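Student: For reference, the file model-v8.txt (compact mmCIF, C-alpha atoms) is included below:
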# COMPACT_ATOMS: atom_id res chain seq x y z
CA MET A 1 -55.34 5.08 10.55
CA ALA A 2 -51.67 4.07 10.51
CA TYR A 3 -49.69 5.47 7.61
CA LYS A 4 -48.83 2.97 4.89
CA PRO A 5 -46.17 4.11 2.42
CA THR A 6 -46.87 3.61 -1.25
CA MET A 7 -44.38 1.79 -3.46
CA GLU A 8 -43.82 5.11 -5.23
CA ASP A 9 -42.80 6.76 -1.93
CA ILE A 10 -40.55 3.85 -1.02
CA LYS A 11 -38.79 3.96 -4.40
CA LYS A 12 -38.40 7.74 -4.15
CA LEU A 13 -36.76 7.63 -0.71
CA ARG A 14 -34.62 4.67 -1.70
CA ALA A 15 -33.38 6.59 -4.75
CA ILE A 16 -32.45 9.51 -2.50
CA THR A 17 -30.76 7.52 0.27
CA GLY A 18 -29.69 4.24 -1.33
CA ALA A 19 -31.07 2.36 1.68
CA GLY A 20 -32.70 -1.07 1.40
CA LEU A 21 -36.42 -1.43 0.72
CA ALA A 22 -37.24 -2.77 4.19
CA ASP A 23 -35.26 0.01 5.91
CA VAL A 24 -36.88 2.70 3.78
CA LYS A 25 -40.39 1.35 4.42
CA LYS A 26 -39.77 1.18 8.17
CA ALA A 27 -38.40 4.73 8.26
CA LEU A 28 -41.39 6.10 6.32
CA VAL A 29 -43.83 4.36 8.64
CA GLU A 30 -42.11 5.74 11.74
CA ALA A 31 -41.94 9.22 10.19
CA GLU A 32 -45.58 8.97 9.08
CA GLY A 33 -44.66 9.90 5.54
CA ASP A 34 -42.38 12.84 6.40
CA PHE A 35 -39.49 12.38 3.95
CA ASP A 36 -37.05 14.65 5.79
CA LYS A 37 -37.72 12.87 9.09
CA ALA A 38 -37.39 9.47 7.38
CA LYS A 39 -34.02 10.52 5.95
CA ASP A 40 -32.88 11.57 9.43
CA LEU A 41 -33.96 8.21 10.85
CA LEU A 42 -32.00 6.33 8.21
CA ARG A 43 -28.96 8.52 8.89
CA GLU A 44 -29.20 7.94 12.65
CA ARG A 45 -29.39 4.19 12.13
CA GLY A 46 -26.36 4.38 9.91
CA LEU A 47 -24.49 6.25 12.64
CA ALA A 48 -25.49 3.63 15.19
CA ILE A 49 -24.26 0.77 13.03
CA ALA A 50 -21.04 2.62 12.23
CA ALA A 51 -20.43 3.20 15.94
CA LYS A 52 -21.00 -0.46 16.79
CA ARG A 53 -18.45 -1.54 14.17
CA SER A 54 -15.88 1.19 14.83
CA ASP A 55 -13.34 -1.33 16.12
CA ARG A 56 -13.61 -3.63 13.09
CA GLU A 57 -10.80 -3.94 10.55
CA THR A 58 -11.31 -2.47 7.08
CA SER A 59 -8.95 -4.55 4.97
CA ASN A 60 -10.91 -4.36 1.70
CA GLY A 61 -12.25 -1.47 -0.31
CA CYS A 62 -12.13 0.44 -3.57
CA VAL A 63 -9.16 2.49 -4.82
CA LEU A 64 -9.78 4.84 -7.75
CA VAL A 65 -7.68 7.41 -9.61
CA LYS A 66 -8.63 10.39 -11.76
CA VAL A 67 -6.83 13.10 -13.75
CA GLU A 68 -8.68 16.22 -14.85
CA GLU A 69 -7.66 19.75 -15.84
CA GLY A 70 -4.29 19.92 -14.14
CA PHE A 71 -5.25 18.02 -11.00
CA ALA A 72 -5.07 14.32 -10.19
CA ALA A 73 -5.97 12.26 -7.16
CA ILE A 74 -6.12 8.75 -5.78
CA ILE A 75 -8.63 7.89 -3.09
CA ALA A 76 -9.56 4.73 -1.21
CA LEU A 77 -12.87 4.00 0.45
CA LYS A 78 -12.31 1.01 2.72
CA CYS A 79 -14.74 -1.60 4.02
CA GLU A 80 -14.64 -5.01 5.68
CA THR A 81 -15.31 -7.50 2.87
CA ASP A 82 -14.56 -7.82 -0.82
CA PHE A 83 -18.25 -8.59 -1.41
CA VAL A 84 -19.18 -5.03 -0.42
CA ALA A 85 -16.03 -3.58 -2.05
CA ASN A 86 -17.00 -5.05 -5.43
CA GLY A 87 -20.60 -3.83 -5.24
CA ALA A 88 -21.71 -1.33 -7.88
CA ASP A 89 -23.14 1.07 -5.27
CA PHE A 90 -19.92 1.08 -3.24
CA ILE A 91 -17.78 1.72 -6.33
CA ALA A 92 -20.19 4.45 -7.45
CA LEU A 93 -19.93 6.15 -4.05
CA THR A 94 -16.12 6.03 -4.22
CA GLN A 95 -16.21 7.51 -7.72
CA SER A 96 -18.56 10.31 -6.68
CA ILE A 97 -16.24 11.19 -3.78
CA LEU A 98 -13.21 11.18 -6.08
CA ASP A 99 -15.03 13.31 -8.68
CA ALA A 100 -15.84 15.89 -6.02
CA ALA A 101 -12.29 15.83 -4.63
CA VAL A 102 -10.75 16.44 -8.06
CA ALA A 103 -13.31 19.10 -9.01
CA ASN A 104 -12.55 20.95 -5.76
CA LYS A 105 -8.80 20.27 -5.93
CA CYS A 106 -8.73 18.96 -2.36
CA LYS A 107 -5.35 18.86 -0.65
CA SER A 108 -6.23 16.62 2.31
CA ILE A 109 -8.53 13.79 3.29
CA GLU A 110 -10.19 16.11 5.82
CA GLU A 111 -11.16 18.46 2.99
CA VAL A 112 -12.58 15.51 1.07
CA ALA A 113 -14.70 14.32 4.01
CA ALA A 114 -16.25 17.79 4.34
CA LEU A 115 -17.24 18.07 0.64
CA THR A 116 -20.85 18.10 -0.49
CA LEU A 117 -21.67 15.56 -3.20
CA ALA A 118 -23.89 16.11 -6.22
CA ASP A 119 -26.88 14.66 -4.34
CA GLY A 120 -26.50 17.23 -1.56
CA GLN A 121 -24.97 14.89 1.03
CA VAL A 122 -21.75 15.63 2.87
CA VAL A 123 -19.14 12.95 2.07
CA ALA A 124 -18.77 11.86 5.70
CA ASP A 125 -22.55 11.46 6.02
CA ALA A 126 -22.79 9.55 2.73
CA ILE A 127 -20.18 7.07 3.96
CA THR A 128 -21.99 6.64 7.28
CA GLN A 129 -25.26 6.05 5.47
CA ARG A 130 -23.71 3.45 3.19
CA SER A 131 -22.21 1.79 6.28
CA GLY A 132 -25.69 1.61 7.77
CA ILE A 133 -27.04 0.00 4.62
CA THR A 134 -24.34 -2.67 4.34
CA GLY A 135 -23.72 -3.21 8.04
CA GLU A 136 -19.97 -2.85 7.51
CA LYS A 137 -17.51 -0.31 8.86
CA MET A 138 -16.32 2.10 6.16
CA GLU A 139 -13.68 4.81 6.14
CA LEU A 140 -11.78 7.04 3.76
CA ASP A 141 -8.10 6.33 3.46
CA GLY A 142 -5.06 6.91 1.28
CA TYR A 143 -5.83 10.26 -0.32
CA ASN A 144 -2.98 11.37 -2.60
CA PHE A 145 -2.87 14.14 -5.18
CA ILE A 146 -0.61 15.78 -7.76
CA GLU A 147 -1.25 19.21 -9.21
CA GLY A 148 0.04 20.38 -12.61
CA GLU A 149 0.36 19.17 -16.18
CA ASN A 150 1.60 15.95 -17.80
CA ILE A 151 0.11 13.58 -15.22
CA TYR A 152 -0.48 9.93 -16.13
CA HIS A 153 -2.40 7.32 -14.15
CA TYR A 154 -2.84 3.57 -13.81
CA ASN A 155 -5.45 1.37 -12.11
CA HIS A 156 -3.77 -2.02 -11.79
CA GLN A 157 -5.64 -4.53 -13.95
CA GLY A 158 -8.78 -2.43 -13.43
CA LYS A 159 -9.35 -4.18 -10.09
CA ASN A 160 -9.61 -1.01 -7.96
CA ILE A 161 -7.06 -2.18 -5.38
CA LEU A 162 -3.87 -0.42 -6.55
CA CYS A 163 -3.59 2.93 -8.34
CA THR A 164 -0.68 5.17 -9.30
CA LEU A 165 0.07 8.64 -10.61
CA VAL A 166 3.21 9.85 -12.40
CA GLN A 167 4.00 13.41 -13.44
CA LEU A 168 6.60 14.26 -16.09
CA ASN A 169 8.06 17.68 -16.92
CA LYS A 170 6.93 17.26 -20.54
CA ALA A 171 4.02 15.64 -22.34
CA PHE A 172 5.17 12.10 -23.25
CA GLU A 173 2.18 9.79 -22.98
CA GLU A 174 3.95 6.51 -23.76
CA GLN A 175 6.66 7.13 -21.18
CA GLY A 176 4.18 8.48 -18.62
CA LYS A 177 1.92 5.45 -18.84
CA LYS A 178 4.92 3.10 -18.76
CA LEU A 179 6.18 4.68 -15.55
CA ALA A 180 2.74 4.63 -13.95
CA LEU A 181 2.87 0.85 -14.46
CA GLN A 182 6.48 0.84 -13.19
CA VAL A 183 5.43 2.50 -9.93
CA ALA A 184 2.63 -0.02 -9.48
CA SER A 185 4.91 -3.00 -10.05
CA MET A 186 8.17 -1.92 -8.41
CA ASN A 187 6.84 0.20 -5.50
CA PRO A 188 9.65 2.80 -5.25
CA ILE A 189 9.94 4.59 -1.92
CA ALA A 190 11.36 7.80 -3.39
CA LEU A 191 12.01 9.59 -6.66
CA ASP A 192 15.80 9.58 -6.30
CA GLU A 193 18.53 9.16 -3.68
CA ALA A 194 18.21 12.78 -2.57
CA SER A 195 14.49 12.27 -1.92
CA VAL A 196 15.02 9.40 0.52
CA PRO A 197 14.55 10.73 4.08
CA GLN A 198 17.81 10.91 6.02
CA SER A 199 16.28 8.82 8.79
CA VAL A 200 15.66 6.02 6.27
CA LYS A 201 19.20 6.29 4.92
CA ASP A 202 20.67 6.13 8.43
CA SER A 203 18.52 3.15 9.38
CA GLU A 204 19.28 1.24 6.18
CA PHE A 205 23.01 1.91 6.55
CA GLN A 206 23.03 0.53 10.08
CA VAL A 207 21.14 -2.54 8.87
CA ALA A 208 23.68 -2.94 6.05
CA ILE A 209 26.58 -2.73 8.50
CA GLN A 210 25.06 -5.29 10.87
CA LYS A 211 24.15 -7.65 8.04
CA THR A 212 27.71 -7.43 6.71
CA LYS A 213 29.17 -8.19 10.14
CA ASP A 214 26.80 -11.12 10.64
CA GLU A 215 27.73 -12.57 7.26
CA GLN A 216 31.46 -12.29 7.94
CA VAL A 217 31.05 -14.01 11.31
CA GLU A 218 28.87 -16.73 9.79
CA LYS A 219 31.46 -17.46 7.10
CA ALA A 220 34.18 -17.79 9.73
CA VAL A 221 32.02 -20.14 11.83
CA GLU A 222 31.21 -22.33 8.82
CA ALA A 223 34.88 -22.57 7.91
CA ALA A 224 35.81 -23.53 11.49
CA LEU A 225 33.11 -26.23 11.64
CA LYS A 226 34.19 -27.74 8.33
CA LYS A 227 37.81 -27.74 9.47
CA ALA A 228 36.71 -29.70 12.54
CA GLY A 229 34.96 -32.26 10.32
CA LEU A 230 31.45 -31.08 11.18
CA ASN A 231 28.60 -30.32 8.74
CA PRO A 232 27.49 -26.67 9.17
CA ASN A 233 24.10 -27.46 7.64
CA LEU A 234 23.27 -29.65 10.64
CA LEU A 235 24.30 -26.96 13.11
CA ASP A 236 22.76 -23.69 11.93
CA SER A 237 20.48 -23.27 14.96
CA GLU A 238 19.92 -24.78 18.40
CA ASP A 239 16.54 -26.17 17.36
CA HIS A 240 18.13 -27.76 14.31
CA ILE A 241 20.90 -29.26 16.44
CA LYS A 242 18.39 -30.85 18.84
CA SER A 243 16.31 -32.15 15.94
CA ASN A 244 19.33 -33.72 14.28
CA ILE A 245 20.39 -35.37 17.54
CA ALA A 246 16.91 -36.88 17.83
CA LYS A 247 17.18 -38.16 14.27
CA GLY A 248 20.56 -39.72 14.97
CA TRP A 249 22.37 -37.46 12.54
CA LEU A 250 24.44 -35.88 15.33
CA THR A 251 25.85 -37.21 18.57
CA GLU A 252 25.71 -35.28 21.84
CA GLU A 253 29.50 -35.03 21.74
CA GLU A 254 29.48 -33.54 18.23
CA ALA A 255 26.82 -31.06 19.25
CA GLU A 256 28.81 -29.89 22.28
CA LYS A 257 31.97 -29.58 20.19
CA ALA A 258 30.09 -27.57 17.57
CA ARG A 259 28.58 -25.22 20.16
CA ALA A 260 32.02 -24.48 21.58
CA ILE A 261 33.51 -23.85 18.12
CA LYS A 262 30.63 -21.58 17.13
CA GLU A 263 30.87 -19.49 20.29
CA GLU A 264 34.66 -19.11 20.26
CA THR A 265 34.93 -18.45 16.52
CA ALA A 266 32.07 -15.94 16.47
CA ALA A 267 33.53 -13.95 19.36
CA ALA A 268 37.02 -13.92 17.85
CA LYS A 269 35.84 -12.93 14.39
CA ALA A 270 33.50 -10.20 15.66
CA ALA A 271 36.39 -8.65 17.60
CA SER A 272 38.72 -8.59 14.60
CA LEU A 273 36.51 -7.44 11.73
CA PRO A 274 38.27 -4.78 9.58
CA GLU A 275 36.20 -1.60 9.96
CA GLN A 276 36.95 -0.18 6.51
CA MET A 277 36.05 -3.45 4.79
CA ILE A 278 32.72 -3.53 6.62
CA LEU A 279 31.97 0.07 5.64
CA ASN A 280 32.85 -0.56 1.99
CA ILE A 281 30.56 -3.59 1.78
CA ALA A 282 27.79 -1.69 3.56
CA LYS A 283 28.12 1.17 1.05
CA GLY A 284 27.74 -1.37 -1.73
CA ARG A 285 24.54 -2.61 -0.10
CA MET A 286 23.27 0.96 0.07
CA ALA A 287 23.95 1.44 -3.64
CA LYS A 288 21.82 -1.64 -4.31
CA PHE A 289 19.12 -0.28 -1.98
CA PHE A 290 18.93 2.99 -3.94
CA LYS A 291 18.90 1.12 -7.26
CA GLU A 292 15.96 -1.02 -6.16
CA ASN A 293 13.96 1.63 -4.29
CA CYS A 294 14.47 4.95 -6.09
CA LEU A 295 12.30 5.33 -9.18
CA VAL A 296 14.88 6.95 -11.46
CA ASN A 297 17.44 4.27 -10.59
CA GLN A 298 15.14 1.28 -11.10
CA GLU A 299 15.47 -0.89 -14.16
CA VAL A 300 12.49 -0.33 -16.46
CA ILE A 301 10.25 -3.40 -16.45
CA MET A 302 9.39 -5.25 -19.67
CA HIS A 303 11.74 -3.08 -21.70
CA GLU A 304 14.64 -3.75 -24.01
CA PRO A 305 17.43 -2.82 -23.90
CA LYS A 306 17.75 -3.06 -20.13
CA GLU A 307 18.21 0.43 -18.69
CA ASN A 308 17.17 2.49 -15.69
CA VAL A 309 14.29 4.95 -15.69
CA ALA A 310 16.54 8.01 -16.01
CA SER A 311 18.21 6.60 -19.14
CA TYR A 312 14.86 5.46 -20.57
CA LEU A 313 13.47 8.99 -20.32
CA LYS A 314 16.65 10.57 -21.69
CA ALA A 315 16.42 8.35 -24.76
CA ALA A 316 13.02 9.89 -25.52
CA ASP A 317 14.07 13.46 -24.77
CA LYS A 318 17.32 14.59 -23.16
CA GLU A 319 15.39 16.94 -20.84
CA LEU A 320 12.58 14.53 -19.91
CA LYS A 321 12.32 13.83 -16.17
CA VAL A 322 9.93 12.54 -13.53
CA VAL A 323 8.55 15.35 -11.39
CA ALA A 324 6.49 13.33 -8.90
CA PHE A 325 4.68 10.05 -8.32
CA LYS A 326 2.01 8.68 -5.98
CA ARG A 327 0.93 5.13 -5.20
CA PHE A 328 -1.72 3.56 -2.99
CA THR A 329 -2.70 -0.06 -2.53
CA LEU A 330 -5.02 -2.02 -0.26
CA ARG A 331 -2.73 -5.04 -0.35
CA ALA A 332 0.50 -5.59 1.56
CA ASP A 333 3.48 -5.30 -0.79
Just give me the structure as structure tokens.
Tutor:
Amino acid sequence: MAYKPTMEDIKKLRAITGAGLADVKKALVEAEGDFDKAKDLLRERGLAIAAKRSDRETSNGCVLVKVEEGFAAIIALKCETDFVANGADFIALTQSILDAAVANKCKSIEEVAALTLADGQVVADAITQRSGITGEKMELDGYNFIEGENIYHYNHQGKNILCTLVQLNKAFEEQGKKLALQVASMNPIALDEASVPQSVKDSEFQVAIQKTKDEQVEKAVEAALKKAGLNPNLLDSEDHIKSNIAKGWLTEEEAEKARAIKEETAAAKAASLPEQMILNIAKGRMAKFFKENCLVNQEVIMHEPKENVASYLKAADKELKVVAFKRFTLRAD
């Protein structure tokens, strides 16, 4: 007689694996009631589904943060749709992974994937199994941690899509929580100017130089066009020129005259730009870059009087400083 699983057996295996009722029943039938074999079948099916969807994009997911006993971490479990990401089971799995990561003070995402959860499953296997249940590709991503005291965290609007950590050198809860929100909102790339990688500084400085040169040339071209009685707004690109001719706002003769003026003026101005002036303006742009992108230089949001983070902390305690920060989001900034 063919084995027929009881509802009690189905519920028991479902509680262990989290798989759907139909999948659990089918696995029990095939395994003829052998629970271990049924679990293996469910795992294998999860692997098969995960393999089939390995090339899919995981643009949604759940980001959670936790601080406990001198260790804090942010982790993201990604999936394909927000429907799955917002599911209680998916969030619970993410939380269980984070709990294990913090308890074991993991220093890498590879360490996290190899952990054993409270239910006895290895993290990587638990993710594969959940993928098999939902039919969506899933993957761990964005593991960040800070070790030590005085760590504060923030989960943006409680939506599990953006989380931050901030560590201070002293215990100041109000300031710590304020800066965790600051990091979420202002997305600094570094703690201070010294922390910005030299490669980034070099790249940004070259961009600042080129942008300054382009602006100086553009100003000269605009002035030359106006002097010739032409409207620069009608001549800012070749596509715009052709469009304005079609509309009757420019004649072919005016367009040709403008093209010649633009070419000659741009070449002459580019060849005569004062090097020191360009460098000075570029340095000013870099100062603005550091102010906007280094945490201690940023203006504190929603705070009066207006002051940067370094001054805000000093007002609370002259020795108070930011030690470190971490940020992870599923959304493009």
Student: For region 119-234 of chain A versus region 107-112 of chain A, which residues have an atom no more than 9 Å away, and what is each residue's nearest atom pair and distance in Å rounded to one decimal, using all atoms listed in the file, chain-then-number order, as JSON lines?
Tutor:
{"residue": "A:Val123", "atom": "CA", "partner": "A:Val112", "partner_atom": "CA", "distance": 7.1}
{"residue": "A:Ala124", "atom": "CA", "partner": "A:Val112", "partner_atom": "CA", "distance": 8.5}
{"residue": "A:Leu140", "atom": "CA", "partner": "A:Ile109", "partner_atom": "CA", "distance": 7.5}
{"residue": "A:Asp141", "atom": "CA", "partner": "A:Ile109", "partner_atom": "CA", "distance": 7.5}
{"residue": "A:Gly142", "atom": "CA", "partner": "A:Ile109", "partner_atom": "CA", "distance": 8.0}
{"residue": "A:Tyr143", "atom": "CA", "partner": "A:Ile109", "partner_atom": "CA", "distance": 5.7}
{"residue": "A:Asn144", "atom": "CA", "partner": "A:Ser108", "partner_atom": "CA", "distance": 7.9}
{"residue": "A:Phe145", "atom": "CA", "partner": "A:Lys107", "partner_atom": "CA", "distance": 7.0}
Student: So, with all atoms listed in the file as the atoms that count, which of A:Val322, A:Cys79, A:Leu313, A:Met302 lies closest to Leu181 (chain A)?
Tutor: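 That would be A:Met302, the residue with the smallest distance to Leu181 (chain A).
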Student: Specify the axis-aligned box that encloses all atoms of region 272-284 of chain A listed in the file after padding of 3 Å on each side, stating its centre and edge lengths in Å to one decimal as lines of an AutoDock Vina configuration file.
Tutor:
center_x = 33.2
center_y = -3.7
center_z = 6.4
size_x = 17.0
size_y = 15.8
size_z = 22.3
Student: Take CA of Lys269 (chain A) and CA of Val217 (chain A) and report the distance between them in Å, one decimal.
Tutor: 5.8 Å
Student: So, counting all atoms listed in the file, which residue among A:Gln206, A:Thr265, A:Asn169, A:Thr81 is closest to Val323 (chain A)?
Tutor: A:Asn169
Student: Using all atoms listed in the file, pick whichever of A:Leu330, A:Leu77, A:Val166, A:Val183 has the shortest atom-to-atom distance to Ile91 (chain A).
Tutor: A:Leu77
Student: Figure out the distance between CA of Asn293 (chain A) and CA of Pro197 (chain A), please, to one decimal in Å.
Tutor: 12.4 Å
Student: Report as JSON lines: every residue of region 60-160 of chain A with an atom at most 10 Å from region 171-176 of chain A, its closest pair of atoms, and their distance in Å to one decimal, counting only C-alpha atoms, with rows sorted by chain and ascending residue number.
Tutor:
{"residue": "A:Glu149", "atom": "CA", "partner": "A:Ala171", "partner_atom": "CA", "distance": 8.0}
{"residue": "A:Asn150", "atom": "CA", "partner": "A:Ala171", "partner_atom": "CA", "distance": 5.2}
{"residue": "A:Ile151", "atom": "CA", "partner": "A:Gly176", "partner_atom": "CA", "distance": 7.4}
{"residue": "A:Tyr152", "atom": "CA", "partner": "A:Gly176", "partner_atom": "CA", "distance": 5.5}
{"residue": "A:His153", "atom": "CA", "partner": "A:Gly176", "partner_atom": "CA", "distance": 8.0}
{"residue": "A:Tyr154", "atom": "CA", "partner": "A:Gly176", "partner_atom": "CA", "distance": 9.8}
Student: Restricting the calculation to all atoms listed in the file, which member of A:Leu295, A:Cys62, A:Ala271, A:Ile10 is positioned closest to Gln182 (chain A)?
Tutor: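 Of A:Leu295, A:Cys62, A:Ala271, A:Ile10, the one nearest Gln182 (chain A), counting all atoms listed in the file, is A:Leu295.
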Student: Excluding Ala258 (chain A) and any residue of its chain fewer than 2 positions from it, enumerate the residues within 12 Å of it, using only C-alpha atoms, and give them as a PyMOL selection string.
Tutor: chain A and resi 221-238+241+250-256+260-266
Student: Within 6 Å of Val300 (chain A), counting all atoms listed in the file, which residues show up once you throw out same-chain ones fewer than 3 positions away? Write them as a PDB file with C-alpha atoms, keeping the file's coordinate frame, please.
Tutor:
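That gives us part37.pdb:
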ATOM      1  CA  HIS A 303      11.740  -3.080 -21.700  1.00  0.00           C
ATOM      2  CA  ASN A 308      17.170   2.490 -15.690  1.00  0.00           C
ATOM      3  CA  VAL A 309      14.290   4.950 -15.690  1.00  0.00           C
TER       4      VAL A 309
END
Student: When you draw a straight line from CA of Leu179 (chain A) to CA of Phe289 (chain A), how long is it in Å?
Tutor: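 Answer for the CA of Leu179 (chain A) to CA of Phe289 (chain A) separation: 19.4 Å.
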Student: Which residue, A:Glu147, A:Arg285, A:Asp34, A:Lys105, has the smallest gap to Lys326 (chain A) when you use all atoms listed in the file?
Tutor: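 Comparing A:Glu147, A:Arg285, A:Asp34, A:Lys105 against Lys326 (chain A), the winner is A:Glu147.
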Student: With a distance cut-off of 12 Å and all atoms listed in the file, select the neighbouring residues of Ile209 (chain A), excluding the residue or stretch itself and same-chain residues fewer than 6 positions from it, and output the selection as number ranges by chain.
Tutor: A: 202-203, 215-216, 273-286
Student: Pick out the closest residue to Ile161 (chain A) from this set: A:Glu30, A:Asp82, A:Asp317, A:Glu139. Count only C-alpha atoms.
Tutor: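 Residue with the minimum atom-to-atom distance to Ile161 (chain A): A:Asp82.
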Student: Missing atoms in region 282-294 of chain A: can you complete it with N, CA, C and O atoms, as a short mmCIF file (atom, residue, chain, number, x, y, z; two decimals), in the coordinates of the input?
Tutor:
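File rebuild35.cif, as written:
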data_model
loop_
_atom_site.label_atom_id
_atom_site.label_comp_id
_atom_site.auth_asym_id
_atom_site.auth_seq_id
_atom_site.Cartn_x
_atom_site.Cartn_y
_atom_site.Cartn_z
N ALA A 282 29.07 -2.32 3.20
CA ALA A 282 27.79 -1.69 3.56
C ALA A 282 27.41 -0.61 2.54
O ALA A 282 26.23 -0.47 2.18
N LYS A 283 28.39 0.14 2.06
CA LYS A 283 28.12 1.17 1.05
C LYS A 283 27.63 0.52 -0.24
O LYS A 283 26.77 1.06 -0.94
N GLY A 284 28.20 -0.64 -0.56
CA GLY A 284 27.74 -1.37 -1.73
C GLY A 284 26.29 -1.82 -1.58
O GLY A 284 25.51 -1.77 -2.53
N ARG A 285 25.94 -2.24 -0.38
CA ARG A 285 24.54 -2.61 -0.10
C ARG A 285 23.62 -1.40 -0.24
O ARG A 285 22.50 -1.52 -0.73
N MET A 286 24.08 -0.24 0.19
CA MET A 286 23.27 0.96 0.07
C MET A 286 23.06 1.34 -1.40
O MET A 286 21.97 1.78 -1.79
N ALA A 287 24.09 1.15 -2.21
CA ALA A 287 23.95 1.44 -3.64
C ALA A 287 22.87 0.54 -4.25
O ALA A 287 22.07 0.98 -5.08
N LYS A 288 22.85 -0.71 -3.83
CA LYS A 288 21.82 -1.64 -4.31
C LYS A 288 20.45 -1.21 -3.80
O LYS A 288 19.45 -1.29 -4.54
N PHE A 289 20.38 -0.75 -2.56
CA PHE A 289 19.12 -0.28 -1.98
C PHE A 289 18.54 0.87 -2.80
O PHE A 289 17.35 0.89 -3.13
N PHE A 290 19.38 1.85 -3.15
CA PHE A 290 18.93 2.99 -3.94
C PHE A 290 18.51 2.55 -5.34
O PHE A 290 17.53 3.07 -5.88
N LYS A 291 19.23 1.61 -5.92
CA LYS A 291 18.90 1.12 -7.26
C LYS A 291 17.53 0.44 -7.27
O LYS A 291 16.76 0.59 -8.22
N GLU A 292 17.21 -0.26 -6.22
CA GLU A 292 15.96 -1.02 -6.16
C GLU A 292 14.77 -0.16 -5.70
O GLU A 292 13.62 -0.47 -6.04
N ASN A 293 15.04 0.90 -4.94
CA ASN A 293 13.96 1.63 -4.29
C ASN A 293 13.74 3.06 -4.75
O ASN A 293 12.73 3.67 -4.39
N CYS A 294 14.64 3.61 -5.54
CA CYS A 294 14.47 4.95 -6.09
C CYS A 294 14.01 4.84 -7.54
O CYS A 294 14.66 4.16 -8.34
#
